[in-house]
$ cat start_6.pdb   # PDB, C-alpha atoms and all ligand atoms
ATOM      1  CA  MET A  15      82.665  97.882 151.314
ATOM      2  CA  ASP A  16      83.231  99.108 147.792
ATOM      3  CA  GLU A  17      81.371 102.377 147.336
ATOM      4  CA  LYS A  18      83.158 103.522 144.211
ATOM      5  CA  GLY A  19      81.217 103.590 140.977
ATOM      6  CA  ILE A  20      81.760 100.786 138.499
ATOM      7  CA  LEU A  21      82.131 101.431 134.804
ATOM      8  CA  ILE A  22      79.718  99.113 132.985
ATOM      9  CA  VAL A  23      79.574  98.532 129.262
ATOM     10  CA  VAL A  24      76.334  97.184 127.840
ATOM     11  CA  SER A  25      76.492  95.903 124.277
ATOM     12  CA  GLY A  26      74.169  93.716 122.294
ATOM     13  CA  PHE A  27      72.619  93.289 118.887
ATOM     14  CA  SER A  28      70.655  96.227 117.583
ATOM     15  CA  GLY A  29      67.038  95.392 118.467
ATOM     16  CA  SER A  30      67.931  93.136 121.408
ATOM     17  CA  GLY A  31      66.270  95.622 123.746
ATOM     18  CA  LYS A  32      69.244  97.495 125.262
ATOM     19  CA  GLY A  33      67.518 100.869 125.128
ATOM     20  CA  THR A  34      64.319  99.518 126.668
ATOM     21  CA  LEU A  35      66.270  97.690 129.368
ATOM     22  CA  MET A  36      68.384 100.745 130.278
ATOM     23  CA  LYS A  37      65.340 102.982 130.523
ATOM     24  CA  GLU A  38      63.700 100.551 132.948
ATOM     25  CA  LEU A  39      66.846 100.044 135.035
ATOM     26  CA  LEU A  40      67.306 103.797 135.421
ATOM     27  CA  ALA A  41      63.643 104.339 136.255
ATOM     28  CA  ARG A  42      63.855 101.736 139.046
ATOM     29  CA  TYR A  43      67.251 102.756 140.449
ATOM     30  CA  PRO A  44      67.769 106.423 139.565
ATOM     31  CA  ASP A  45      70.291 107.093 142.335
ATOM     32  CA  THR A  46      72.460 104.073 141.594
ATOM     33  CA  TYR A  47      73.022 104.349 137.872
ATOM     34  CA  ALA A  48      74.048 107.058 135.431
ATOM     35  CA  LEU A  49      73.677 106.429 131.716
ATOM     36  CA  SER A  50      76.232 108.065 129.478
ATOM     37  CA  VAL A  51      74.732 109.900 126.506
ATOM     38  CA  SER A  52      76.821 109.363 123.365
ATOM     39  CA  ALA A  53      77.458 111.669 120.457
ATOM     40  CA  THR A  54      76.464 110.382 117.026
ATOM     41  CA  THR A  55      76.345 111.515 113.424
ATOM     42  CA  ARG A  56      73.219 109.463 112.660
ATOM     43  CA  ALA A  57      69.877 111.233 112.244
ATOM     44  CA  PRO A  58      67.449 111.192 115.194
ATOM     45  CA  ARG A  59      64.676 108.584 115.057
ATOM     46  CA  GLU A  60      61.124 109.654 115.698
ATOM     47  CA  GLY A  61      60.702 110.349 119.406
ATOM     48  CA  GLU A  62      64.418 110.830 120.067
ATOM     49  CA  ALA A  63      65.551 114.142 121.542
ATOM     50  CA  ASP A  64      68.956 115.813 121.309
ATOM     51  CA  GLY A  65      70.811 115.403 124.607
ATOM     52  CA  ARG A  66      68.500 112.602 125.810
ATOM     53  CA  GLU A  67      69.078 109.539 123.564
ATOM     54  CA  TYR A  68      72.152 111.070 121.886
ATOM     55  CA  PHE A  69      73.899 114.323 121.182
ATOM     56  CA  PHE A  70      73.176 114.538 117.465
ATOM     57  CA  VAL A  71      76.106 116.224 115.738
ATOM     58  CA  SER A  72      77.438 116.704 112.213
ATOM     59  CA  LYS A  73      80.448 114.776 110.926
ATOM     60  CA  ASP A  74      82.472 117.979 111.230
ATOM     61  CA  GLU A  75      81.505 118.515 114.865
ATOM     62  CA  PHE A  76      82.226 114.861 115.629
ATOM     63  CA  GLU A  77      85.710 115.097 114.145
ATOM     64  CA  LYS A  78      86.372 118.220 116.230
ATOM     65  CA  MET A  79      85.375 116.311 119.389
ATOM     66  CA  ILE A  80      87.870 113.573 118.461
ATOM     67  CA  ALA A  81      90.634 116.112 117.826
ATOM     68  CA  LYS A  82      90.062 117.837 121.188
ATOM     69  CA  GLY A  83      90.222 114.528 123.079
ATOM     70  CA  GLU A  84      86.629 114.955 124.279
ATOM     71  CA  LEU A  85      85.679 111.319 123.569
ATOM     72  CA  ILE A  86      86.898 108.336 125.614
ATOM     73  CA  GLU A  87      86.278 106.074 122.632
ATOM     74  CA  TYR A  88      84.479 106.160 119.318
ATOM     75  CA  ALA A  89      83.615 103.779 116.535
ATOM     76  CA  ARG A  90      81.996 103.669 113.139
ATOM     77  CA  TYR A  91      78.820 101.602 113.009
ATOM     78  CA  VAL A  92      76.772 101.047 109.843
ATOM     79  CA  GLU A  93      77.872 104.307 108.122
ATOM     80  CA  ASN A  94      77.793 106.544 111.203
ATOM     81  CA  TYR A  95      80.101 107.619 114.009
ATOM     82  CA  TYR A  96      79.275 107.039 117.672
ATOM     83  CA  GLY A  97      81.403 108.168 120.637
ATOM     84  CA  THR A  98      81.403 108.490 124.443
ATOM     85  CA  PRO A  99      81.958 111.972 125.928
ATOM     86  CA  ARG A 100      84.663 111.810 128.592
ATOM     87  CA  ASP A 101      83.555 114.527 131.013
ATOM     88  CA  TYR A 102      80.239 113.073 132.185
ATOM     89  CA  VAL A 103      81.639 109.574 132.727
ATOM     90  CA  GLU A 104      84.507 110.791 134.896
ATOM     91  CA  LYS A 105      82.288 113.074 137.000
ATOM     92  CA  GLN A 106      79.625 110.431 137.689
ATOM     93  CA  LEU A 107      82.190 107.776 138.661
ATOM     94  CA  GLU A 108      83.726 110.251 141.107
ATOM     95  CA  LYS A 109      80.259 110.740 142.639
ATOM     96  CA  GLY A 110      80.086 106.975 143.282
ATOM     97  CA  ARG A 111      77.456 106.138 140.697
ATOM     98  CA  ASP A 112      77.702 103.103 138.425
ATOM     99  CA  VAL A 113      78.091 104.502 134.931
ATOM    100  CA  ILE A 114      76.607 102.577 132.015
ATOM    101  CA  LEU A 115      77.911 102.953 128.478
ATOM    102  CA  GLU A 116      75.574 101.455 125.902
ATOM    103  CA  ILE A 117      78.071 100.962 123.099
ATOM    104  CA  GLU A 118      78.998  98.476 120.409
ATOM    105  CA  ILE A 119      81.681  95.858 120.588
ATOM    106  CA  GLN A 120      84.751  97.719 119.221
ATOM    107  CA  GLY A 121      84.119 100.519 121.720
ATOM    108  CA  ALA A 122      83.573  97.967 124.500
ATOM    109  CA  LEU A 123      86.914  96.307 123.871
ATOM    110  CA  SER A 124      88.819  99.584 123.726
ATOM    111  CA  ILE A 125      87.209 100.704 127.027
ATOM    112  CA  LYS A 126      88.172  97.371 128.629
ATOM    113  CA  LYS A 127      91.760  97.879 127.456
ATOM    114  CA  MET A 128      91.921 101.391 128.941
ATOM    115  CA  PHE A 129      90.001 100.520 132.130
ATOM    116  CA  PRO A 130      90.477  96.787 132.885
ATOM    117  CA  ASP A 131      88.030  96.999 135.833
ATOM    118  CA  THR A 132      85.119  97.578 133.469
ATOM    119  CA  LEU A 133      82.207  95.136 133.696
ATOM    120  CA  LEU A 134      81.182  93.962 130.226
ATOM    121  CA  LEU A 135      77.553  92.871 129.747
ATOM    122  CA  PHE A 136      76.080  91.543 126.508
ATOM    123  CA  VAL A 137      72.330  91.770 125.904
ATOM    124  CA  THR A 138      70.815  89.115 123.668
ATOM    125  CA  PRO A 139      67.254  88.131 122.786
ATOM    126  CA  PRO A 140      66.354  84.497 123.536
ATOM    127  CA  CYS A 141      66.753  83.545 119.833
ATOM    128  CA  ALA A 142      67.706  84.971 116.420
ATOM    129  CA  GLU A 143      64.147  85.037 115.026
ATOM    130  CA  GLU A 144      63.080  87.169 117.970
ATOM    131  CA  LEU A 145      65.795  89.688 117.069
ATOM    132  CA  ARG A 146      64.376  90.126 113.568
ATOM    133  CA  ASN A 147      60.840  90.320 114.952
ATOM    134  CA  ARG A 148      61.854  93.102 117.336
ATOM    135  CA  LEU A 149      63.687  95.090 114.653
ATOM    136  CA  VAL A 150      60.701  94.817 112.315
ATOM    137  CA  GLY A 151      58.268  95.478 115.176
ATOM    138  CA  ARG A 152      60.124  98.645 116.238
ATOM    139  CA  GLY A 153      59.331 100.055 112.803
ATOM    140  CA  THR A 154      62.124 102.642 112.845
ATOM    141  CA  GLU A 155      64.292 101.329 109.986
ATOM    142  CA  THR A 156      63.796 100.325 106.363
ATOM    143  CA  MET A 157      64.088  96.608 105.482
ATOM    144  CA  ASP A 158      67.535  97.366 103.982
ATOM    145  CA  VAL A 159      68.829  98.843 107.226
ATOM    146  CA  ILE A 160      67.239  95.978 109.192
ATOM    147  CA  GLN A 161      69.102  93.503 106.980
ATOM    148  CA  SER A 162      72.432  95.304 107.504
ATOM    149  CA  ARG A 163      71.834  95.250 111.282
ATOM    150  CA  MET A 164      71.055  91.500 111.128
ATOM    151  CA  ASP A 165      74.305  90.985 109.172
ATOM    152  CA  ARG A 166      76.206  93.067 111.700
ATOM    153  CA  ALA A 167      74.676  90.906 114.488
ATOM    154  CA  CYS A 168      76.383  87.876 112.894
ATOM    155  CA  GLU A 169      79.772  89.595 113.260
ATOM    156  CA  GLU A 170      78.989  90.826 116.781
ATOM    157  CA  ALA A 171      78.068  87.318 117.946
ATOM    158  CA  GLU A 172      81.734  86.416 117.384
ATOM    159  CA  GLY A 173      82.639  88.744 120.275
ATOM    160  CA  MET A 174      80.071  87.504 122.818
ATOM    161  CA  GLU A 175      82.624  85.396 124.653
ATOM    162  CA  ASP A 176      84.744  88.451 125.451
ATOM    163  CA  TYR A 177      81.951  89.716 127.737
ATOM    164  CA  ASP A 178      81.694  88.916 131.447
ATOM    165  CA  TYR A 179      77.953  88.101 131.461
ATOM    166  CA  LEU A 180      75.137  87.470 129.016
ATOM    167  CA  ILE A 181      71.892  89.287 129.758
ATOM    168  CA  VAL A 182      69.068  87.334 128.102
ATOM    169  CA  ASN A 183      66.243  89.773 127.468
ATOM    170  CA  ASP A 184      63.208  87.509 127.413
ATOM    171  CA  SER A 185      60.871  88.948 130.028
ATOM    172  CA  LEU A 186      61.821  92.587 130.585
ATOM    173  CA  ASN A 187      60.980  92.595 134.282
ATOM    174  CA  ARG A 188      63.062  89.504 135.085
ATOM    175  CA  CYS A 189      65.901  90.761 132.940
ATOM    176  CA  VAL A 190      66.125  94.191 134.638
ATOM    177  CA  GLU A 191      66.297  92.605 138.097
ATOM    178  CA  GLU A 192      68.880  90.049 136.992
ATOM    179  CA  MET A 193      71.082  92.754 135.552
ATOM    180  CA  HIS A 194      70.826  94.780 138.764
ATOM    181  CA  ALA A 195      71.723  91.667 140.795
ATOM    182  CA  ILE A 196      74.770  90.954 138.619
ATOM    183  CA  ILE A 197      76.027  94.500 139.165
ATOM    184  CA  ARG A 198      75.418  94.283 142.947
ATOM    185  CA  GLY A 199      77.429  91.052 142.890
ATOM    186  CA  GLU A 200      80.227  92.764 141.004
ATOM    187  CA  HIS A 201      80.550  95.310 143.839
ATOM    188  CA  ARG A 202      81.172  92.426 146.248
ATOM    189  CA  LYS A 203      84.122  90.966 144.331
ATOM    190  CA  SER A 204      87.140  90.630 146.603
ATOM    191  CA  SER A 205      89.308  92.313 143.970
ATOM    192  CA  ARG A 206      87.138  95.443 144.303
ATOM    193  CA  ASN A 207      87.320  95.455 148.083
ATOM    194  CA  ARG A 208      91.019  95.433 148.883
ATOM    195  CA  GLU A 209      90.698  98.264 151.411
ATOM    196  CA  PHE A 210      87.971  96.401 153.316
ATOM    197  CA  ILE A 211      90.082  93.235 153.394
ATOM    198  CA  GLN A 212      93.104  95.184 154.567
ATOM    199  CA  LYS A 213      91.136  96.828 157.367
ATOM    200  CA  ILE A 214      89.448  93.686 158.674
ATOM    201  CA  LYS A 215      92.809  91.904 158.652
ATOM    202  CA  GLN A 216      94.306  94.654 160.804
ATOM    203  CA  ASP A 217      91.324  94.701 163.162
ATOM    204  CA  LEU A 218      91.431  90.906 163.548
ATOM    205  CA  GLU A 219      95.117  91.116 164.383
ATOM    206  CA  ARG A 220      94.342  93.665 167.094
ATOM    207  CA  LEU A 221      91.707  91.415 168.635
ATOM    208  CA  LYS A 222      93.975  88.378 168.667
ATOM    209  CA  HIS A 223      95.169  87.058 172.050
TER     210      HIS A 223
HETATM  211  P1  LIG N   1      68.120  98.253 121.073
HETATM  212  O1  LIG N   1      68.252  99.493 121.930
HETATM  213  O2  LIG N   1      68.929  97.104 121.568
HETATM  214  O3  LIG N   1      68.357  98.518 119.599
HETATM  215  P2  LIG N   1      65.236  98.518 121.667
HETATM  216  O4  LIG N   1      65.261  98.806 123.126
HETATM  217  O5  LIG N   1      64.944  99.656 120.733
HETATM  218  O6  LIG N   1      66.594  97.761 121.203
HETATM  219  O7  LIG N   1      64.185  97.322 121.453
HETATM  220  C1  LIG N   1      63.878  96.837 120.152
HETATM  221  C2  LIG N   1      62.387  96.495 120.104
HETATM  222  O8  LIG N   1      62.120  95.352 120.915
HETATM  223  C3  LIG N   1      61.492  97.629 120.612
HETATM  224  O9  LIG N   1      60.338  97.710 119.793
HETATM  225  C4  LIG N   1      61.143  97.167 122.033
HETATM  226  O10 LIG N   1      59.891  97.668 122.450
HETATM  227  C5  LIG N   1      61.121  95.643 121.905
HETATM  228  N1  LIG N   1      61.515  94.951 123.162
HETATM  229  C6  LIG N   1      62.513  95.289 124.034
HETATM  230  N2  LIG N   1      62.599  94.400 125.059
HETATM  231  C7  LIG N   1      61.635  93.478 124.823
HETATM  232  C8  LIG N   1      61.204  92.292 125.535
HETATM  233  N3  LIG N   1      61.800  91.894 126.666
HETATM  234  N4  LIG N   1      60.196  91.573 124.998
HETATM  235  C9  LIG N   1      59.603  91.972 123.849
HETATM  236  N5  LIG N   1      59.928  93.074 123.135
HETATM  237  C10 LIG N   1      60.939  93.820 123.607
HETATM  238  P1  LIG N   2      71.628 102.954 117.312
HETATM  239  O1  LIG N   2      71.847 103.651 115.989
HETATM  240  O2  LIG N   2      70.767 101.713 117.174
HETATM  241  O3  LIG N   2      71.139 103.892 118.388
HETATM  242  O4  LIG N   2      73.068 102.441 117.801
HETATM  243  C1  LIG N   2      73.850 101.654 116.959
HETATM  244  C2  LIG N   2      74.982 101.024 117.751
HETATM  245  O5  LIG N   2      75.908 102.011 118.213
HETATM  246  C3  LIG N   2      74.511 100.276 119.014
HETATM  247  O6  LIG N   2      75.169  99.019 119.038
HETATM  248  C4  LIG N   2      74.963 101.172 120.134
HETATM  249  O7  LIG N   2      75.225 100.420 121.306
HETATM  250  C5  LIG N   2      76.249 101.747 119.550
HETATM  251  N1  LIG N   2      76.685 102.985 120.213
HETATM  252  C6  LIG N   2      75.930 103.972 120.741
HETATM  253  N2  LIG N   2      76.703 104.931 121.277
HETATM  254  C7  LIG N   2      77.996 104.530 121.122
HETATM  255  C8  LIG N   2      79.271 105.097 121.508
HETATM  256  O8  LIG N   2      79.372 106.156 122.124
HETATM  257  N3  LIG N   2      80.380 104.400 121.165
HETATM  258  C9  LIG N   2      80.316 103.219 120.501
HETATM  259  N4  LIG N   2      81.479 102.604 120.255
HETATM  260  N5  LIG N   2      79.134 102.661 120.133
HETATM  261  C10 LIG N   2      77.991 103.302 120.437
END
$ encode --input "start_6.pdb" --output "structure tokens"
Amino acid sequence: MDEKGILIVVSGFSGSGKGTLMKELLARYPDTYALSVSATTRAPREGEADGREYFFVSKDEFEKMIAKGELIEYARYVENYYGTPRDYVEKQLEKGRDVILEIEIQGALSIKKMFPDTLLLFVTPPCAEELRNRLVGRGTETMDVIQSRMDRACEEAEGMEDYDYLIVNDSLNRCVEEMHAIIRGEHRKSSRNREFIQKIKQDLERLKH
């Protein structure tokens, strides 16, 4: 059966709970998943550490990374750059781990174009009011920034149908297990198991009278 790592893109409205969900998924299944750490030009939030949530870099450094081809994709999001370092993703996939990119929608679509096998997951809260409640409750942004993220959510909702699955983050526990189950299911797709199919066909032929 398919033992190669799958590239998984997780997008979703800011405040939908992607970060929380990823942390929990990785804590429960540390050997299965690898989370790519992006580079960004935005300032760290309280509690964020360089190299853990993001590699925090200047605009200059970010542009150098682009020029050297060190990013698989990058996008501008609410006044800042965000990008996925290439090296880590390639190495973890080779090791057979499922690599998760937590990135916004433009990045997701460009990854899907480059790697059509990518599984696209979209995290959403159960309703729009809950999104605003979570952004306000997180307490990390000013009301202005919260409003621009709510506006951006309106645009992002237009892209939800391009994703393979919706991950509704109502109860965290249920949501983490559902996401894990969806990814396990993805590994079992016949299109990802051509070698297995080929082999069992040959073996069946051999056992035929
Ligand atoms: P994102 O990474 O998508 O921007 P976060 O993971 O920072 O979102 O979550 C936004 C806020 O919502 C945080 O305060 C977090 O604790 C809270 N949160 C996340 N998941 C849930 C959930 N299932 N139920 C209630 N609150 C949640
Ligand atoms: P935040 O500032 O809330 O951490 O992230 C803002 C948005 O940028 C989120 O939607 C997040 O998924 C996205 N993002 C984070 N890293 C990357 C990246 O490497 N590439 C792209 N395209 N988006 C990213």
$ resolve_selection --input "start_6.pdb" --expression "the PyMOL selection byres (((not hetatm)) within 6 of (chain N and resi 1))" --output "PyMOL selection string"
chain A and resi 27-34+148-149+151-152+183-186
$ residues_near_ligand --input "start_6.pdb" --ligand "ligand LIG 2 (chain N)" --cutoff "9 Å" --atoms "only C-alpha atoms and all ligand atoms" --output "tab-separated table (two decimals) with C-alpha atoms, in the coordinates of the input"
chain	number	residue	atom	x	y	z
A	24	VAL	CA	76.33	97.18	127.84
A	25	SER	CA	76.49	95.90	124.28
A	26	GLY	CA	74.17	93.72	122.29
A	27	PHE	CA	72.62	93.29	118.89
A	28	SER	CA	70.66	96.23	117.58
A	29	GLY	CA	67.04	95.39	118.47
A	32	LYS	CA	69.24	97.50	125.26
A	33	GLY	CA	67.52	100.87	125.13
A	50	SER	CA	76.23	108.06	129.48
A	51	VAL	CA	74.73	109.90	126.51
A	52	SER	CA	76.82	109.36	123.36
A	53	ALA	CA	77.46	111.67	120.46
A	54	THR	CA	76.46	110.38	117.03
A	56	ARG	CA	73.22	109.46	112.66
A	57	ALA	CA	69.88	111.23	112.24
A	58	PRO	CA	67.45	111.19	115.19
A	59	ARG	CA	64.68	108.58	115.06
A	67	GLU	CA	69.08	109.54	123.56
A	68	TYR	CA	72.15	111.07	121.89
A	85	LEU	CA	85.68	111.32	123.57
A	86	ILE	CA	86.90	108.34	125.61
A	87	GLU	CA	86.28	106.07	122.63
A	88	TYR	CA	84.48	106.16	119.32
A	89	ALA	CA	83.62	103.78	116.54
A	90	ARG	CA	82.00	103.67	113.14
A	91	TYR	CA	78.82	101.60	113.01
A	92	VAL	CA	76.77	101.05	109.84
A	94	ASN	CA	77.79	106.54	111.20
A	95	TYR	CA	80.10	107.62	114.01
A	96	TYR	CA	79.28	107.04	117.67
A	97	GLY	CA	81.40	108.17	120.64
A	98	THR	CA	81.40	108.49	124.44
A	99	PRO	CA	81.96	111.97	125.93
A	115	LEU	CA	77.91	102.95	128.48
A	116	GLU	CA	75.57	101.46	125.90
A	117	ILE	CA	78.07	100.96	123.10
A	118	GLU	CA	79.00	98.48	120.41
A	119	ILE	CA	81.68	95.86	120.59
A	120	GLN	CA	84.75	97.72	119.22
A	121	GLY	CA	84.12	100.52	121.72
A	122	ALA	CA	83.57	97.97	124.50
A	124	SER	CA	88.82	99.58	123.73
A	163	ARG	CA	71.83	95.25	111.28
$ axis_aligned_box --input "start_6.pdb" --around "range 167-174 of chain A" --padding-each-side "5 Å" --output "lines of an AutoDock Vina configuration file"
center_x = 78.7
center_y = 88.7
center_z = 117.9
size_x = 18.0
size_y = 14.5
size_z = 19.9
$ residues_around --input "start_6.pdb" --residues "Ile197 in chain A" --least-positions-apart "6" --cutoff "10 Å" --atoms "all atoms listed in the file" --output "CSV table (one decimal) with C-alpha atoms, in the frame of the given file"
chain,number,residue,atom,x,y,z
A,20,ILE,CA,81.8,100.8,138.5
A,22,ILE,CA,79.7,99.1,133.0
A,112,ASP,CA,77.7,103.1,138.4
A,133,LEU,CA,82.2,95.1,133.7
A,135,LEU,CA,77.6,92.9,129.7
A,191,GLU,CA,66.3,92.6,138.1
$ resolve_selection --input "start_6.pdb" --expression "the PyMOL selection byres (((chain A and resi 178) around 8) and not hetatm)" --output "PyMOL selection string"
chain A and resi 133-136+175-177+179-180
$ closest_residue --input "start_6.pdb" --among "A:Leu39, A:Pro44, A:Gly19, A:Lys127" --to "Val103 in chain A" --atoms "only C-alpha atoms"
A:Gly19
$ residues_near_point --input "start_6.pdb" --point "(82.7, 115.9, 116.0)" --cutoff "10 Å" --atoms "all atoms listed in the file" --output "number ranges by chain"
A: 53-55, 70-82, 84-85, 95-97
$ resolve_selection --input "start_6.pdb" --expression "the PyMOL selection byres (((chain A and resi 199-204) around 10) and not hetatm)" --output "ChimeraX atom specification"
/A:15-20,112,133,193-198,205-211
$ write_last_selection --input "start_6.pdb" --atoms "C-alpha atoms" --output "PDB file, in the coordinates of the input"
ATOM      1  CA  MET A  15      82.665  97.882 151.314  1.00  0.00           C
ATOM      2  CA  ASP A  16      83.231  99.108 147.792  1.00  0.00           C
ATOM      3  CA  GLU A  17      81.371 102.377 147.336  1.00  0.00           C
ATOM      4  CA  LYS A  18      83.158 103.522 144.211  1.00  0.00           C
ATOM      5  CA  GLY A  19      81.217 103.590 140.977  1.00  0.00           C
ATOM      6  CA  ILE A  20      81.760 100.786 138.499  1.00  0.00           C
ATOM      7  CA  ASP A 112      77.702 103.103 138.425  1.00  0.00           C
ATOM      8  CA  LEU A 133      82.207  95.136 133.696  1.00  0.00           C
ATOM      9  CA  MET A 193      71.082  92.754 135.552  1.00  0.00           C
ATOM     10  CA  HIS A 194      70.826  94.780 138.764  1.00  0.00           C
ATOM     11  CA  ALA A 195      71.723  91.667 140.795  1.00  0.00           C
ATOM     12  CA  ILE A 196      74.770  90.954 138.619  1.00  0.00           C
ATOM     13  CA  ILE A 197      76.027  94.500 139.165  1.00  0.00           C
ATOM     14  CA  ARG A 198      75.418  94.283 142.947  1.00  0.00           C
ATOM     15  CA  SER A 205      89.308  92.313 143.970  1.00  0.00           C
ATOM     16  CA  ARG A 206      87.138  95.443 144.303  1.00  0.00           C
ATOM     17  CA  ASN A 207      87.320  95.455 148.083  1.00  0.00           C
ATOM     18  CA  ARG A 208      91.019  95.433 148.883  1.00  0.00           C
ATOM     19  CA  GLU A 209      90.698  98.264 151.411  1.00  0.00           C
ATOM     20  CA  PHE A 210      87.971  96.401 153.316  1.00  0.00           C
ATOM     21  CA  ILE A 211      90.082  93.235 153.394  1.00  0.00           C
TER      22      ILE A 211
END
$ closest_residue --input "start_6.pdb" --among "A:Lys126, A:Ala48, A:Arg100, A:Val182" --to "Glu144 in chain A" --atoms "all atoms listed in the file"
A:Val182
$ closest_residue --input "start_6.pdb" --among "A:Ala41, A:Ile214, A:Leu49, A:Leu221" --to "Leu107 in chain A" --atoms "all atoms listed in the file"
A:Leu49
$ atom_distance --input "start_6.pdb" --atom1 "CA of Arg66 in chain A" --atom2 "CA of Asp45 in chain A"
17.5 Å
$ closest_residue --input "start_6.pdb" --among "A:Gln161, A:Asn187, A:Thr154, A:Gln216" --to "Gly61 in chain A" --atoms "all atoms listed in the file"
A:Thr154
